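To start, the structure under review is shown below, and the notes come after it.
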Number of protein chains: 2
Amino acid sequence: MPKLPVLADHEIDRRLAVLSEWMRQGDAITRTFRFAGFPEATAFVQQLVAPAEGINHHPDVDVRYDRVIITLSTHESGGLTENDFALAEQIDRLVG
Amino acid sequence: MPKLPVLADHEIDRRLAVLSEWMRQGDAITRTFRFAGFPEATAFVQQLVAPAEGINHHPDVDVRYDRVIITLSTHESGGLTENDFALAEQIDRLVG
């Protein structure tokens, strides 16, 4: 499968304008989700499997008690691609 | 509930001699688990709930595709306590 092209800055900005909860951090985008506690946070991690496997693109996931920090980047392309924003959109849908 | 006392270095070394897969990193201990893929890695994260809630002590959990990096420390005590080693032992039991 060919590598997805890295998006230009203005393309990234355009997408982040819609995904308002996500922040750019260099070659990645990140969002922090907060839950009632650790069981709820890990239940959310479980819900990430379907979208991640569906597009074969996997988030970096950090669980800190009641918080889940998701970081998305396309390592093999060396930056942000359509895949990252497709996954961000699907993850947002999980929390309504 | 009173704060648990921080363990002395020789106590930490004695416990790590038994928990041979864990490494000390300053005020924390860490172990990396590897799985077949992302679904298996997140299923393992789910399994952490029972021991963590059981002793009310929660690991920092980083999921990186097929790897789960667990970091234990007792923040409110400012170092490693009995709780960290109790949780490490229970986590080790999850993977046999």
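Starting from 1 in every chain, residues are counted up; chains themselves are A, B, ... following the order of the structure tokens, and ligands are numbered from 1 as listed.
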- request: Pull out every residue of chain B that has at least one atom within 9 Å of chain A, counting only C-alpha atoms, and report them as a ChimeraX atom specification.
  value: /B:38-39,42-43,45-46,48-50,52-53,58-65
Would you mind exporting the chosen residues as a PDB file, in the first residue's frame, restricted to N, CA, C and O atoms?
ATOM      1  N   PHE B  38      -3.241  -4.489  18.425  1.00  0.00           N
ATOM      2  CA  PHE B  38      -3.944  -3.461  19.197  1.00  0.00           C
ATOM      3  C   PHE B  38      -5.141  -4.020  19.970  1.00  0.00           C
ATOM      4  O   PHE B  38      -5.320  -3.663  21.146  1.00  0.00           O
ATOM      5  N   PRO B  39      -5.953  -4.897  19.376  1.00  0.00           N
ATOM      6  CA  PRO B  39      -7.098  -5.430  20.149  1.00  0.00           C
ATOM      7  C   PRO B  39      -6.645  -6.184  21.396  1.00  0.00           C
ATOM      8  O   PRO B  39      -7.244  -6.034  22.473  1.00  0.00           O
ATOM      9  N   THR B  42      -5.365  -3.653  24.077  1.00  0.00           N
ATOM     10  CA  THR B  42      -6.425  -2.947  24.802  1.00  0.00           C
ATOM     11  C   THR B  42      -7.226  -3.903  25.695  1.00  0.00           C
ATOM     12  O   THR B  42      -7.736  -3.488  26.736  1.00  0.00           O
ATOM     13  N   ALA B  43      -7.317  -5.168  25.298  1.00  0.00           N
ATOM     14  CA  ALA B  43      -7.984  -6.154  26.163  1.00  0.00           C
ATOM     15  C   ALA B  43      -7.209  -6.295  27.473  1.00  0.00           C
ATOM     16  O   ALA B  43      -7.796  -6.448  28.550  1.00  0.00           O
ATOM     17  N   VAL B  45      -5.432  -3.907  28.859  1.00  0.00           N
ATOM     18  CA  VAL B  45      -5.713  -2.685  29.626  1.00  0.00           C
ATOM     19  C   VAL B  45      -7.011  -2.870  30.425  1.00  0.00           C
ATOM     20  O   VAL B  45      -7.103  -2.480  31.590  1.00  0.00           O
ATOM     21  N   GLN B  46      -7.990  -3.501  29.796  1.00  0.00           N
ATOM     22  CA  GLN B  46      -9.260  -3.761  30.459  1.00  0.00           C
ATOM     23  C   GLN B  46      -9.070  -4.632  31.704  1.00  0.00           C
ATOM     24  O   GLN B  46      -9.707  -4.420  32.734  1.00  0.00           O
ATOM     25  N   LEU B  48      -6.711  -4.622  33.696  1.00  0.00           N
ATOM     26  CA  LEU B  48      -6.045  -3.905  34.795  1.00  0.00           C
ATOM     27  C   LEU B  48      -7.048  -3.310  35.783  1.00  0.00           C
ATOM     28  O   LEU B  48      -6.689  -2.975  36.914  1.00  0.00           O
ATOM     29  N   VAL B  49      -8.296  -3.207  35.344  1.00  0.00           N
ATOM     30  CA  VAL B  49      -9.307  -2.523  36.172  1.00  0.00           C
ATOM     31  C   VAL B  49      -9.485  -3.224  37.522  1.00  0.00           C
ATOM     32  O   VAL B  49      -9.454  -2.572  38.574  1.00  0.00           O
ATOM     33  N   ALA B  50      -9.668  -4.551  37.507  1.00  0.00           N
ATOM     34  CA  ALA B  50      -9.971  -5.263  38.755  1.00  0.00           C
ATOM     35  C   ALA B  50      -8.861  -5.094  39.796  1.00  0.00           C
ATOM     36  O   ALA B  50      -9.147  -4.655  40.922  1.00  0.00           O
ATOM     37  N   ALA B  52      -6.512  -2.796  39.957  1.00  0.00           N
ATOM     38  CA  ALA B  52      -6.320  -1.373  40.279  1.00  0.00           C
ATOM     39  C   ALA B  52      -7.421  -0.862  41.201  1.00  0.00           C
ATOM     40  O   ALA B  52      -7.156  -0.177  42.191  1.00  0.00           O
ATOM     41  N   GLU B  53      -8.668  -1.221  40.878  1.00  0.00           N
ATOM     42  CA  GLU B  53      -9.781  -0.779  41.719  1.00  0.00           C
ATOM     43  C   GLU B  53      -9.742  -1.516  43.060  1.00  0.00           C
ATOM     44  O   GLU B  53     -10.111  -0.959  44.089  1.00  0.00           O
ATOM     45  N   HIS B  58      -3.774   3.108  40.867  1.00  0.00           N
ATOM     46  CA  HIS B  58      -3.978   3.033  39.420  1.00  0.00           C
ATOM     47  C   HIS B  58      -2.690   3.227  38.637  1.00  0.00           C
ATOM     48  O   HIS B  58      -1.954   4.187  38.880  1.00  0.00           O
ATOM     49  N   PRO B  59      -2.441   2.333  37.696  1.00  0.00           N
ATOM     50  CA  PRO B  59      -1.217   2.441  36.898  1.00  0.00           C
ATOM     51  C   PRO B  59      -1.343   3.526  35.828  1.00  0.00           C
ATOM     52  O   PRO B  59      -2.444   3.794  35.335  1.00  0.00           O
ATOM     53  N   ASP B  60      -0.224   4.136  35.469  1.00  0.00           N
ATOM     54  CA  ASP B  60      -0.167   4.910  34.232  1.00  0.00           C
ATOM     55  C   ASP B  60      -0.002   3.899  33.102  1.00  0.00           C
ATOM     56  O   ASP B  60       0.850   3.000  33.187  1.00  0.00           O
ATOM     57  N   VAL B  61      -0.796   4.032  32.059  1.00  0.00           N
ATOM     58  CA  VAL B  61      -0.841   3.030  30.991  1.00  0.00           C
ATOM     59  C   VAL B  61      -0.638   3.721  29.646  1.00  0.00           C
ATOM     60  O   VAL B  61      -1.397   4.620  29.295  1.00  0.00           O
ATOM     61  N   ASP B  62       0.381   3.314  28.914  1.00  0.00           N
ATOM     62  CA  ASP B  62       0.604   3.844  27.565  1.00  0.00           C
ATOM     63  C   ASP B  62       0.461   2.700  26.562  1.00  0.00           C
ATOM     64  O   ASP B  62       1.184   1.700  26.651  1.00  0.00           O
ATOM     65  N   VAL B  63      -0.470   2.847  25.630  1.00  0.00           N
ATOM     66  CA  VAL B  63      -0.654   1.833  24.591  1.00  0.00           C
ATOM     67  C   VAL B  63      -0.001   2.340  23.307  1.00  0.00           C
ATOM     68  O   VAL B  63      -0.297   3.448  22.846  1.00  0.00           O
ATOM     69  N   ARG B  64       0.920   1.551  22.762  1.00  0.00           N
ATOM     70  CA  ARG B  64       1.589   1.880  21.510  1.00  0.00           C
ATOM     71  C   ARG B  64       1.437   0.684  20.567  1.00  0.00           C
ATOM     72  O   ARG B  64       2.279  -0.225  20.546  1.00  0.00           O
ATOM     73  N   TYR B  65       0.325   0.671  19.847  1.00  0.00           N
ATOM     74  CA  TYR B  65      -0.043  -0.412  18.945  1.00  0.00           C
ATOM     75  C   TYR B  65      -0.105  -1.764  19.682  1.00  0.00           C
ATOM     76  O   TYR B  65      -1.130  -2.047  20.304  1.00  0.00           O
TER      77      TYR B  65
END
- prompt: Which residues come within 8 Å of A:Asn83, counting only C-alpha atoms, excluding same-chain residues fewer than 4 positions away, as a PyMOL selection string?
  reply: chain A and resi 55+57+74+87
Let me see the file: selected residues, N, CA, C and O atoms, as a PDB file, in the first residue's frame.
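This went into selection_35.pdb:
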ATOM      1  N   ILE A  55      -9.780   1.189   9.964  1.00  0.00           N
ATOM      2  CA  ILE A  55      -8.967   1.877   8.954  1.00  0.00           C
ATOM      3  C   ILE A  55      -7.494   1.509   9.089  1.00  0.00           C
ATOM      4  O   ILE A  55      -6.646   2.107   8.436  1.00  0.00           O
ATOM      5  N   HIS A  57      -5.329   2.009  11.425  1.00  0.00           N
ATOM      6  CA  HIS A  57      -4.534   3.155  11.865  1.00  0.00           C
ATOM      7  C   HIS A  57      -4.757   3.251  13.367  1.00  0.00           C
ATOM      8  O   HIS A  57      -5.910   3.260  13.818  1.00  0.00           O
ATOM      9  N   THR A  74       0.814   9.897  11.507  1.00  0.00           N
ATOM     10  CA  THR A  74       1.079   8.791  10.584  1.00  0.00           C
ATOM     11  C   THR A  74       2.592   8.634  10.458  1.00  0.00           C
ATOM     12  O   THR A  74       3.243   9.308   9.657  1.00  0.00           O
ATOM     13  N   LEU A  87      -9.614   9.151  11.658  1.00  0.00           N
ATOM     14  CA  LEU A  87      -9.687   8.467  12.954  1.00  0.00           C
ATOM     15  C   LEU A  87     -10.168   9.424  14.048  1.00  0.00           C
ATOM     16  O   LEU A  87     -10.999   9.047  14.893  1.00  0.00           O
TER      17      LEU A  87
END
- prompt: To one decimal place, how far is atom CA of A:Arg34 from atom CA of A:Ser20 in Å?
  reply: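 Atom-to-atom, atom CA of A:Arg34 and atom CA of A:Ser20 are spaced 16.0 Å apart.
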- request: Taking the DSSP assignment computed from this structure's backbone, write out as a ChimeraX atom specification all residues of stretch 18-88 of chain A that belong to helix (DSSP H, G or I).
  value: /A:18,38-47,49-54,82-88
- request: Return as a VMD selection string the full set of residues in chain B whose backbone-based DSSP assignment is strand (DSSP E).
  value: chain B and resid 23 to 25 28 to 34 60 to 64 67 to 72
Would you list the contacts of B:Gly79 as a JSON list (two decimals) with N, CA and C atoms, in the first residue's frame, taking every protein, DNA or RNA residue within 6 Å and counting only C-alpha atoms, but skipping same-chain residues closer than 3 positions in sequence?
[["chain", "number", "residue", "atom", "x", "y", "z"],
["B", 6, "VAL", "N", 7.20, 5.90, 51.79],
["B", 6, "VAL", "CA", 8.06, 5.57, 50.65],
["B", 6, "VAL", "C", 9.06, 4.52, 51.10],
["B", 27, "ASP", "N", 11.47, 7.50, 40.60],
["B", 27, "ASP", "CA", 10.44, 7.27, 41.62],
["B", 27, "ASP", "C", 9.36, 6.31, 41.16],
["B", 73, "SER", "N", 3.80, 4.31, 40.45],
["B", 73, "SER", "CA", 4.41, 5.18, 41.45],
["B", 73, "SER", "C", 3.30, 5.64, 42.37],
["B", 74, "THR", "N", 3.64, 6.03, 43.59],
["B", 74, "THR", "CA", 2.61, 6.52, 44.51],
["B", 74, "THR", "C", 2.79, 8.02, 44.63]]
